[in-house]
Structure formats: structure tokens, C-alpha cells
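For reference, target.txt is printed below; it contains compact mmCIF, C-alpha atoms.
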```txt
# COMPACT_ATOMS: atom_id res chain seq x y z
CA MET A 1 0.00 0.00 0.00
CA ARG A 2 2.69 2.52 1.03
CA ARG A 3 4.75 1.90 -2.09
CA ARG A 4 1.74 2.54 -4.33
CA VAL A 5 0.87 5.77 -2.51
CA VAL A 6 4.47 7.00 -2.80
CA PHE A 7 4.52 6.15 -6.52
CA ILE A 8 1.25 7.97 -7.28
CA VAL A 9 2.11 11.06 -5.25
CA GLY A 10 5.66 11.14 -6.59
CA ALA A 11 4.44 10.95 -10.19
CA ALA A 12 2.04 13.82 -9.54
CA VAL A 13 4.82 15.95 -8.06
CA VAL A 14 7.21 15.33 -10.98
CA LEU A 15 4.51 16.05 -13.54
CA SER A 16 3.37 19.17 -11.74
CA ALA A 17 6.91 20.54 -11.53
CA HIS A 18 7.35 20.10 -15.29
CA VAL A 19 4.06 21.82 -16.13
CA ALA A 20 4.54 24.57 -13.54
CA LEU A 21 7.66 25.85 -15.34
CA ALA A 22 5.54 26.54 -18.42
CA GLN A 23 2.65 28.25 -16.62
CA PRO A 24 2.76 32.01 -15.81
CA ASN A 25 0.79 33.89 -13.14
CA ASN A 26 0.66 31.12 -10.51
CA ARG A 27 -1.83 29.07 -12.53
CA THR A 28 -0.60 25.62 -11.53
CA VAL A 29 -1.51 23.91 -8.25
CA VAL A 30 -0.08 20.65 -6.94
CA ALA A 31 -1.96 19.06 -4.04
CA PHE A 32 -1.88 16.02 -1.81
CA ALA A 33 -5.24 14.43 -1.00
CA ALA A 34 -6.53 12.22 1.81
CA GLY A 35 -10.03 11.07 2.67
CA VAL A 36 -12.40 8.14 2.45
CA SER A 37 -14.23 6.16 -0.24
CA THR A 38 -17.16 3.79 0.02
CA GLY A 39 -18.94 1.29 -2.21
CA GLU A 40 -20.56 -2.16 -2.06
CA HIS A 41 -18.84 -4.07 0.80
CA GLN A 42 -15.93 -1.63 0.50
CA THR A 43 -15.08 1.34 2.71
CA GLY A 44 -11.57 2.60 3.34
CA GLY A 45 -9.05 5.37 3.02
CA ALA A 46 -8.31 7.29 -0.18
CA PHE A 47 -4.90 8.87 -0.77
CA GLY A 48 -3.25 10.51 -3.73
CA GLY A 49 -1.99 13.52 -5.59
CA THR A 50 -3.62 16.13 -7.82
CA LEU A 51 -2.35 18.56 -10.44
CA VAL A 52 -4.62 21.48 -11.42
CA VAL A 53 -3.88 23.95 -14.21
CA ASN A 54 -6.15 27.01 -14.20
CA ILE A 55 -6.95 28.04 -17.77
CA ASN A 56 -8.65 31.25 -16.65
CA ASP A 57 -10.71 32.52 -13.69
CA TRP A 58 -13.55 30.11 -14.48
CA VAL A 59 -12.11 26.92 -15.97
CA ALA A 60 -9.34 24.52 -14.94
CA VAL A 61 -8.12 21.06 -15.93
CA GLU A 62 -7.19 18.46 -13.34
CA GLY A 63 -5.12 15.28 -13.31
CA THR A 64 -5.52 12.92 -10.35
CA GLY A 65 -3.99 9.68 -9.12
CA THR A 66 -5.74 8.04 -6.15
CA TYR A 67 -5.10 4.88 -4.16
CA PHE A 68 -8.10 3.23 -2.48
CA ASP A 69 -7.60 0.99 0.55
CA ARG A 70 -10.40 -1.60 0.39
CA GLY A 71 -9.57 -3.44 3.59
CA SER A 72 -8.04 -6.88 3.92
CA GLY A 73 -7.24 -8.46 0.58
CA ALA A 74 -8.35 -5.65 -1.71
CA ASP A 75 -7.22 -2.29 -3.06
CA ALA A 76 -7.63 -0.12 -6.15
CA VAL A 77 -5.95 2.69 -8.08
CA ASN A 78 -7.73 5.32 -10.15
CA ILE A 79 -6.09 7.66 -12.67
CA SER A 80 -8.29 10.37 -14.18
CA GLY A 81 -8.44 13.74 -15.90
CA SER A 82 -11.26 16.21 -15.19
CA LEU A 83 -12.66 19.56 -16.23
CA ILE A 84 -13.38 21.96 -13.37
CA VAL A 85 -15.83 24.85 -13.76
CA ASN A 86 -15.72 27.49 -11.03
CA LEU A 87 -18.97 29.01 -9.80
CA ALA A 88 -17.17 32.12 -8.56
CA VAL A 89 -14.07 34.03 -9.70
CA SER A 90 -11.05 31.89 -8.87
CA ARG A 91 -9.37 34.74 -6.99
CA SER A 92 -12.16 34.81 -4.39
CA ARG A 93 -11.45 33.51 -0.89
CA GLY A 94 -13.92 30.63 -1.33
CA VAL A 95 -14.54 29.20 -4.80
CA PRO A 96 -17.28 26.57 -5.23
CA TYR A 97 -16.95 24.43 -8.34
CA VAL A 98 -18.34 21.48 -10.26
CA ALA A 99 -16.24 18.83 -11.99
CA VAL A 100 -16.58 16.01 -14.50
CA GLY A 101 -13.91 13.67 -15.78
CA ALA A 102 -12.88 10.24 -17.05
CA GLY A 103 -10.05 7.81 -16.57
CA VAL A 104 -8.94 4.26 -15.76
CA HIS A 105 -9.72 2.24 -12.61
CA HIS A 106 -7.80 -0.88 -11.55
CA ALA A 107 -9.08 -3.07 -8.68
CA SER A 108 -7.10 -5.96 -7.16
CA PHE A 109 -8.32 -8.86 -5.00
CA ASP A 110 -6.49 -11.56 -3.07
CA LEU A 111 -9.04 -14.35 -3.52
CA SER A 112 -7.46 -16.40 -0.74
CA ASP A 113 -8.39 -13.72 1.82
CA GLU A 114 -11.14 -14.75 4.27
CA ARG A 115 -13.32 -11.88 2.99
CA PHE A 116 -13.55 -13.62 -0.38
CA PHE A 117 -12.87 -17.32 -1.06
CA GLY A 118 -10.59 -17.74 1.95
CA ASN A 119 -8.74 -20.96 2.74
CA ARG A 120 -11.88 -22.80 3.81
CA ASN A 121 -12.42 -26.35 2.67
CA VAL A 122 -14.70 -26.80 -0.32
CA PRO A 123 -16.39 -30.08 -1.32
CA PHE A 124 -14.37 -30.28 -4.54
CA ALA A 125 -11.09 -31.93 -5.40
CA PRO A 126 -8.12 -29.80 -6.54
CA GLY A 127 -8.42 -29.18 -10.25
CA ALA A 128 -12.23 -29.30 -10.27
CA MET A 129 -13.90 -26.56 -12.29
CA VAL A 130 -16.39 -24.45 -10.33
CA CYS A 131 -18.46 -21.34 -10.87
CA ALA A 132 -18.01 -18.14 -8.85
CA ALA A 133 -21.35 -17.30 -7.22
CA PRO A 134 -22.72 -14.40 -5.15
CA GLY A 135 -22.59 -14.63 -1.36
CA THR A 136 -20.60 -17.14 0.70
CA GLY A 137 -20.31 -20.91 1.02
CA ALA A 138 -19.96 -23.69 -1.55
CA GLY A 139 -22.21 -26.41 -2.86
CA VAL A 140 -22.71 -29.02 -5.53
CA GLY A 141 -24.27 -27.58 -8.64
CA HIS A 142 -25.65 -24.04 -8.80
CA MET A 143 -26.95 -24.07 -5.26
CA PRO A 144 -29.85 -21.86 -4.15
CA GLY A 145 -28.81 -19.70 -1.22
CA TRP A 146 -25.36 -19.19 -2.72
CA GLY A 147 -26.53 -17.66 -5.95
CA VAL A 148 -26.82 -19.12 -9.41
CA GLY A 149 -23.33 -18.33 -10.62
CA THR A 150 -22.93 -16.17 -13.69
CA ALA A 151 -24.26 -16.26 -17.20
CA THR A 152 -20.83 -17.38 -18.46
CA CYS A 153 -20.74 -20.51 -16.27
CA PRO A 154 -21.84 -23.81 -17.87
CA ALA A 155 -24.33 -25.89 -15.91
CA ASN A 156 -22.18 -29.04 -15.98
CA LEU A 157 -19.46 -27.78 -13.61
CA ALA A 158 -18.60 -29.50 -10.33
CA GLY A 159 -20.40 -26.81 -8.35
CA SER A 160 -20.28 -23.21 -7.17
CA VAL A 161 -18.19 -21.26 -4.68
CA GLY A 162 -19.38 -18.02 -3.09
CA VAL A 163 -17.31 -14.86 -3.60
CA GLY A 164 -17.92 -13.51 -0.09
CA GLU A 165 -17.67 -9.73 0.20
CA MET A 166 -16.44 -9.14 -3.34
CA PRO A 167 -18.75 -6.61 -5.05
CA ARG A 168 -21.14 -8.20 -7.55
CA PHE A 169 -19.60 -6.05 -10.32
CA TYR A 170 -16.38 -8.05 -9.99
CA GLY A 171 -17.64 -11.36 -8.61
CA GLN A 172 -19.89 -12.05 -11.58
CA ARG A 173 -16.91 -11.58 -13.91
CA LEU A 174 -14.74 -14.27 -12.34
CA GLY A 175 -16.48 -16.93 -14.41
CA VAL A 176 -15.17 -20.50 -14.29
CA LEU A 177 -12.45 -21.20 -11.70
CA GLU A 178 -10.19 -24.14 -10.98
CA VAL A 179 -10.04 -25.32 -7.37
CA PRO A 180 -6.40 -24.78 -6.35
CA ALA A 181 -4.14 -27.36 -4.80
CA GLY A 182 -3.57 -26.60 -1.12
CA GLY A 183 -6.71 -24.47 -0.97
CA ARG A 184 -5.00 -21.15 -1.76
CA TRP A 185 -6.66 -19.11 -4.48
CA ASP A 186 -4.70 -16.66 -6.61
CA ASP A 187 -4.97 -12.90 -7.06
CA ARG A 188 -7.29 -11.32 -9.59
CA GLY A 189 -7.25 -7.81 -11.06
CA PHE A 190 -9.73 -5.83 -13.17
CA THR A 191 -8.97 -2.75 -15.27
CA ASP A 192 -11.96 -0.71 -16.43
CA GLY A 193 -12.92 2.70 -17.71
CA ALA A 194 -14.46 5.16 -15.26
CA ILE A 195 -16.10 8.57 -15.13
CA ASN A 196 -16.41 10.90 -12.17
CA PHE A 197 -18.57 13.89 -11.38
CA GLY A 198 -19.16 16.07 -8.35
CA GLY A 199 -17.74 19.23 -6.89
CA GLY A 200 -16.48 21.03 -3.84
CA VAL A 201 -15.04 24.33 -2.73
CA ARG A 202 -11.54 25.70 -3.00
CA ILE A 203 -10.52 27.80 -0.02
CA ASN A 204 -7.63 30.16 -0.76
CA LEU A 205 -5.82 30.46 2.59
CA THR A 206 -3.03 32.61 1.15
CA GLU A 207 -1.84 33.63 -2.30
CA ARG A 208 -0.02 30.29 -2.52
CA LEU A 209 -1.72 27.87 -0.12
CA MET A 210 -5.18 26.36 -0.64
CA VAL A 211 -7.46 23.70 0.87
CA ARG A 212 -10.06 21.94 -1.30
CA PRO A 213 -12.72 19.59 0.13
CA ASP A 214 -13.97 17.51 -2.82
CA LEU A 215 -16.86 15.03 -3.19
CA ARG A 216 -17.16 12.82 -6.29
CA ALA A 217 -19.22 9.93 -7.55
CA LEU A 218 -16.91 7.51 -9.36
CA MET A 219 -18.68 5.23 -11.82
CA VAL A 220 -16.70 2.23 -13.09
CA PHE A 221 -17.86 0.45 -16.27
CA GLY A 222 -17.19 -3.16 -17.29
CA ASP A 223 -18.95 -5.90 -19.26
CA GLY A 224 -22.11 -3.84 -19.59
CA ASP A 225 -22.41 -3.21 -15.86
CA THR A 226 -21.64 -0.30 -13.52
CA HIS A 227 -20.04 -0.05 -10.08
CA THR A 228 -20.43 3.27 -8.20
CA ILE A 229 -18.04 4.51 -5.53
CA GLY A 230 -18.42 7.61 -3.39
CA VAL A 231 -15.16 9.50 -2.78
CA PHE A 232 -14.56 12.36 -0.35
CA VAL A 233 -11.08 13.82 -0.01
CA VAL A 234 -9.49 17.01 1.27
CA ASN A 235 -6.77 18.41 -0.99
CA VAL A 236 -4.01 20.55 0.51
CA GLY A 237 -2.25 22.35 -2.31
CA TYR A 238 0.43 24.86 -3.23
CA ARG A 239 0.08 27.28 -6.13
CA PHE A 240 3.16 27.81 -8.31
```

Is it possible to give me this structure as C-alpha cells?
Amino acid sequence: MRRRVVFIVGAAVVLSAHVALAQPNNRTVVAFAAGVSTGEHQTGGAFGGTLVVNINDWVAVEGTGTYFDRGSGADAVNISGSLIVNLAVSRSRGVPYVAVGAGVHHASFDLSDERFFGNRNVPFAPGAMVCAAPGTGAGVGHMPGWGVGTATCPANLAGSVGVGEMPRFYGQRLGVLEVPAGGRWDDRGFTDGAINFGGGVRINLTERLMVRPDLRALMVFGDGDTHTIGVFVVNVGYRF
């Protein structure tokens, strides 16, 4: 987790320094962000870096890299670009704004974690092919009470295994799985497109220093489905 946060924030700082040299009149802001995000079965910290280039008093462009801590066995990284429209002149003490953007979202899961498949015994031999199903538990066939598996799972598999607390958006995309030897499942990652929209207020503490509470809805798209995450962070930034 710490290495990913350092990488994201470091990349934002390097990029911001490069752009800042080309921007007159203190138009570039680099900020560090911390807060919280929440979604289906997932609530945790959100940390990252933000680069904002003010085009004029009313419009700015933003680049953001954010790491999401999803608790034991799960995390995610989101990289996005956004358009910010100020609702007051940017030189005001408090500047409310709205924002909309798009980017890439990558979520990672350790399937062997107890929140997901865990290391529990399943009634299938190693190498058996099973279907990932909603909820928890395991059973022969597509068992009621543990879900019906996914549309991509054939009916002639050995059975189904519940995905635990994994959001349905990801669990239904696991498809057919092979029961591992030793009971330890592997890691699985998903990379999808995402859009975000929301707003906040930029508070200009001094000519250089600013604080920006920001609330966004992050919508992740994959295989014709949508997963929505609420993100609230506070940016502390310096204007170059």
C-alpha cells in the first residue's frame, strides 16, 4: 500500500513541476489528497496527488492519481483527468466548483483472503472446475442460497463457490475457476474505464496555499455493468 501511494504522489509531483515551469501567473496547483471512499462491501481510506492547471478565472483542468484501501485483501488505483468549472471568480477567498472527468480504474483482490474465497475447505477436489457465485459458502451444482453463478458458467461444472464480500460487479466476472491445490486461491485484477462527477469548494488560505474539500461519484464500467463509488477527499495544495 505505502509503495503505491508514494509512486502515485511522486508521479504527480514530478509532472506538476514540469508543467509549472511553463505556466505564468501562478496558474498551476499541486496538491496532496486524503479522505475516504465507500462502495458495495468496501469502505476505506483514499490517498493521492492532484495537479490542477487554471486556464482562466472560471475553468481549470485536473489530473488525479488516487489509491483506495479496500480493507483486507483488496485495493484499487484510479487515474483520471477532469474539467473543473468554477462558480465564482477563482481569486475569491472561497470558490465553489463542479467537476466532471474520465479515466482508468484498476481493482485488485487476493481471492485467498477470508473476505472472499478464503482458505476454507470446499467439497471439490483440486483441479475441479467451479463457478463463482454471489454470497458465501460452496455447494454441488448451482446451489440456491449461494446464488446461481454467472451467465458465463456452464451448468455441468462441479459446483459453485461463493465470492464472499467481493462486489457483484467483480464477482460475476470471475467466471469458471479451478479449485487450487492446497486451498490457496490466486490474485485477480480488473482494469476498467471510469467517469467521475461532483464538486467542492476551493478555499484560498493565502496567495499560494489552498485547501479543497472535494466530493465525487466515481462510476466504473465493465462488461455492460456499472459499479459506483463515493469518494470524499481534502486536498491541501500549493500554487506555483

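Distance check against Gly35 in chain A using all atoms listed in the file: of A:Asp69, A:Asp186, A:Asp57, A:Glu114, the minimum falls on A:Asp69.
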
Interface rows for range 50-149 of chain A against range 41-44 of chain A: nearest pair, Å to one decimal, 8 Å, all atoms listed in the file, as CSV:
```
residue,atom,partner,partner_atom,distance
A:Phe68,CA,A:Gly44,CA,6.8
A:Asp69,CA,A:Gly44,CA,5.1
A:Arg70,CA,A:Gly44,CA,5.3
A:Gly71,CA,A:Gly44,CA,6.4
```

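Residues in contact with Ile84 in chain A at up to 7 Å, not including ones fewer than 3 positions away on its chain and judged by all atoms listed in the file, are Val59, Ala60, Val61, Tyr97, Val98, Ala99 and Val100 of chain A.
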
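With all atoms listed in the file as the atoms that count, the residue of A:Ala46, A:Ile195, A:Ala133, A:Val89 with the shortest distance to Val77 in chain A is A:Ala46.
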
From the set A:Gly63, A:Gly164, A:Gly189, A:Gly48, which residue has the shortest atom-to-atom contact distance to Val29 in chain A, counting all atoms listed in the file?
-> A:Gly63

Sorted by chain and rising residue number, which residues of range 17-89 of chain A lie within 10 Å of range 199-202 of chain A, and what are their closest atom pairs and distances in Å to one decimal, counting all atoms listed in the file, as JSON lines?
```
{"residue": "A:Ile84", "atom": "CA", "partner": "A:Gly199", "partner_atom": "CA", "distance": 8.3}
{"residue": "A:Val85", "atom": "CA", "partner": "A:Gly199", "partner_atom": "CA", "distance": 9.1}
{"residue": "A:Asn86", "atom": "CA", "partner": "A:Val201", "partner_atom": "CA", "distance": 8.9}
{"residue": "A:Leu87", "atom": "CA", "partner": "A:Val201", "partner_atom": "CA", "distance": 9.3}
{"residue": "A:Ala88", "atom": "CA", "partner": "A:Val201", "partner_atom": "CA", "distance": 10.0}
```

A:Arg93, A:Arg173, A:Arg239, A:Arg216: which is nearest Ser37 in chain A, counting all atoms listed in the file?
-> A:Arg216

Given the choices A:Phe116, A:Phe124, A:Trp58, A:Phe169, which gets closest to Gly224 in chain A if the distance is worked out from only C-alpha atoms?
-> A:Phe169

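The smallest atom-to-atom distance between Arg168 in chain A and any of A:Val104, A:Arg188, A:Met129, A:Gly39, using only C-alpha atoms, is found for A:Gly39.
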
For CA of Ser108 in chain A and CA of Ile79 in chain A, determine how far apart the two atoms are, in Å to one decimal place.
-> 14.7 Å

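Of note, CA of Gly237 in chain A and CA of Leu218 in chain A are spaced 22.0 Å apart.
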
Neighbour list for Arg184 in chain A as number ranges by chain, cut-off 10 Å, all atoms listed in the file, skip fewer than 3 positions in-chain | A: 110-113, 117-120, 179-181, 187

For CA of Val234 in chain A and CA of Tyr170 in chain A, the interatomic separation in Å (one decimal) | 28.3 Å

I'd like the box whose edges run along x, y and z of the file and which contains every listed atom of range 49-59 of chain A, padded by 6 Å per side; could you state its centre and edge lengths in Å, one decimal, as AutoDock Vina command-line options?
```
--center_x -7.8 --center_y 23.0 --center_z -11.7 --size_x 23.6 --size_y 31.0 --size_z 24.2
```

Would you list the contacts of Ala31 in chain A as a PDB file with C-alpha atoms, in the coordinates of the input, taking every protein, DNA or RNA residue within 9 Å and counting only C-alpha atoms, but skipping same-chain residues closer than 3 positions in sequence?
```pdb
ATOM      1  CA  ALA A  12       2.040  13.820  -9.540  1.00  0.00           C
ATOM      2  CA  VAL A  13       4.820  15.950  -8.060  1.00  0.00           C
ATOM      3  CA  GLY A  48      -3.250  10.510  -3.730  1.00  0.00           C
ATOM      4  CA  GLY A  49      -1.990  13.520  -5.590  1.00  0.00           C
ATOM      5  CA  THR A  50      -3.620  16.130  -7.820  1.00  0.00           C
ATOM      6  CA  LEU A  51      -2.350  18.560 -10.440  1.00  0.00           C
ATOM      7  CA  VAL A  52      -4.620  21.480 -11.420  1.00  0.00           C
ATOM      8  CA  MET A 210      -5.180  26.360  -0.640  1.00  0.00           C
ATOM      9  CA  VAL A 211      -7.460  23.700   0.870  1.00  0.00           C
ATOM     10  CA  ASN A 235      -6.770  18.410  -0.990  1.00  0.00           C
ATOM     11  CA  VAL A 236      -4.010  20.550   0.510  1.00  0.00           C
ATOM     12  CA  GLY A 237      -2.250  22.350  -2.310  1.00  0.00           C
ATOM     13  CA  TYR A 238       0.430  24.860  -3.230  1.00  0.00           C
ATOM     14  CA  ARG A 239       0.080  27.280  -6.130  1.00  0.00           C
TER      15      ARG A 239
END
```

If I put a ball of radius 7 Å at (-5.8, 10.8, -15.3) in the file's coordinates, which residues poke into it when counting only C-alpha atoms, written as a PyMOL selection string?
-> chain A and resi 63-65+79-81+103
